[in-house]
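Structure first, commentary second.
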Amino acid sequence: MSNTMTANMLAEMSPAAALDTLIAGNARYVASQHAERDLMAQTHATATGQHPYAVVLGCIDSRVPLETVLDVGVGDIFSVRVAGNIANEDILGSMEFACKVVGSKLILVLGHTSCGAVKGAYDDVSLGNLTGLLDKIKPAVEAVRLDDGVANDDLDAIASRNVLLTMDAIRERSSILAELENDGQIQIVGGMFDVSTGEVMLL
């Protein structure tokens, strides 16, 4: 989507259309066919207000710059990045602002292959404040260990499970977002970004 989002455009967009827009953007990224957009024009157009259609919760990994891999412009998405794409109270509050106040239609939790945070959780790394963050990923490690037919050390399987558990946490810990989803006003989805191919696969 090369045009700057407006309030009317956002009001008319469905959660499914928001997801389709992001997936289409990723397809352009994979094909090296980025949409033509004037980022400075979008900067000026959004100076007095913003109407992002999606919130994307991703990892801080340098190989997954969200706006780039989803081929979106200024004002299109709320971008949230934290190691291991976990959801804490501050992130949940940010999502509530995005969806309830601004009107974003989609929450995409985006994990990725070869995730260092996931490996840290698997390896039981202890390092300052990182320790507490990795503790939030360990339920995914344990869940995969209990899965039949999945190797205990399949880090990408753990990363995928972590995405699903983060989605569950969003619903369980935010009654606001859960209600919006139940009413069909938003959609909460998960995906995995392949750092080798650049492709987003929905879970």
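Going by the structure tokens order, chains are called A, B, ..., each with residues numbered from 1, while ligands are numbered from 1 in the order shown.
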Run DSSP on the backbone and grab whatever in segment 73-140 of chain A lands in strand (DSSP E); send it over as JSON, numbers by chain.
{"A": [77, 78, 79, 80, 81, 106, 107, 108, 109, 110, 111, 112]}
With segment 21-44 of chain A as the partner and 12 Å as the cut-off, tabulate the residues of segment 99-137 of chain A that qualify, each row holding the nearest pair of atoms and their distance in Å to one decimal, using only C-alpha atoms, sorted by chain and rising number, as a tab-separated table.
residue	atom	partner	partner_atom	distance
A:Lys105	CA	A:Thr21	CA	11.6
A:Leu106	CA	A:Leu22	CA	9.9
A:Ile107	CA	A:Leu22	CA	11.0
A:Leu108	CA	A:Leu22	CA	9.3
A:Leu110	CA	A:Leu22	CA	11.6
Quick one: of A:Val69, A:Leu10, A:Val141, A:Leu133, who's nearest to Gln185 of chain A, counting only C-alpha atoms?
A:Leu10
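The residue that comes closest to Ser196 of chain A, out of A:Asp90, A:Arg63, A:Lys136, A:Ser174 and on the basis of only C-alpha atoms, is A:Arg63.
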Can you list every residue in chain A that DSSP puts in alpha helix (DSSP H), as a PyMOL selection string?
chain A and resi 7-12+15-30+39-45+66-69+89-96+116-122+130-135+138-146+155-173+175-182
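Interatomic distance, atom CA of Ala83 of chain A to atom CA of Ala169 of chain A: 16.1 Å.
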Show me a table, sorted first by chain and then by increasing residue number, of the residues of segment 4-90 of chain A having an atom at most 12 Å from segment 118-132 of chain A, each with its shortest atom pair and the distance in Å to one decimal, counting only C-alpha atoms and written as a Markdown table.
| residue | atom | partner | partner_atom | distance |
| --- | --- | --- | --- | --- |
| A:Cys59 | CA | A:Val118 | CA | 10.5 |
| A:Asp61 | CA | A:Val118 | CA | 11.5 |
| A:Val82 | CA | A:Leu130 | CA | 11.2 |
| A:Ala83 | CA | A:Val118 | CA | 8.8 |
| A:Gly84 | CA | A:Val118 | CA | 6.4 |
| A:Asn85 | CA | A:Val118 | CA | 9.9 |
| A:Ile86 | CA | A:Val118 | CA | 10.8 |
| A:Asn88 | CA | A:Gly132 | CA | 11.2 |
Which polymer residues have any atom within 12 Å of an atom of Gly191 of chain A, counting only C-alpha atoms, with same-chain residues fewer than 4 positions away left out, as a ChimeraX atom specification?
/A:19,22-23,26,56-59,85,107-113,156,159-164,166-167,199-203
Among listed residues A:Leu180, A:Leu165, A:Ser14, A:Ser79, nearest Pro65 of chain A (using only C-alpha atoms)
A:Ser79
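For the pair atom CA of Asp154 of chain A and atom CA of Leu92 of chain A, the separation is 28.3 Å.
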Here is a test: counting only C-alpha atoms, which residue of A:Met192, A:Ile158, A:Ala151, A:Thr6 is nearest to Thr48 of chain A?
A:Thr6
Using only C-alpha atoms, pick whichever of A:Met9, A:Ala157, A:Ala54, A:Val64 has the shortest atom-to-atom distance to Cys99 of chain A.
A:Ala54
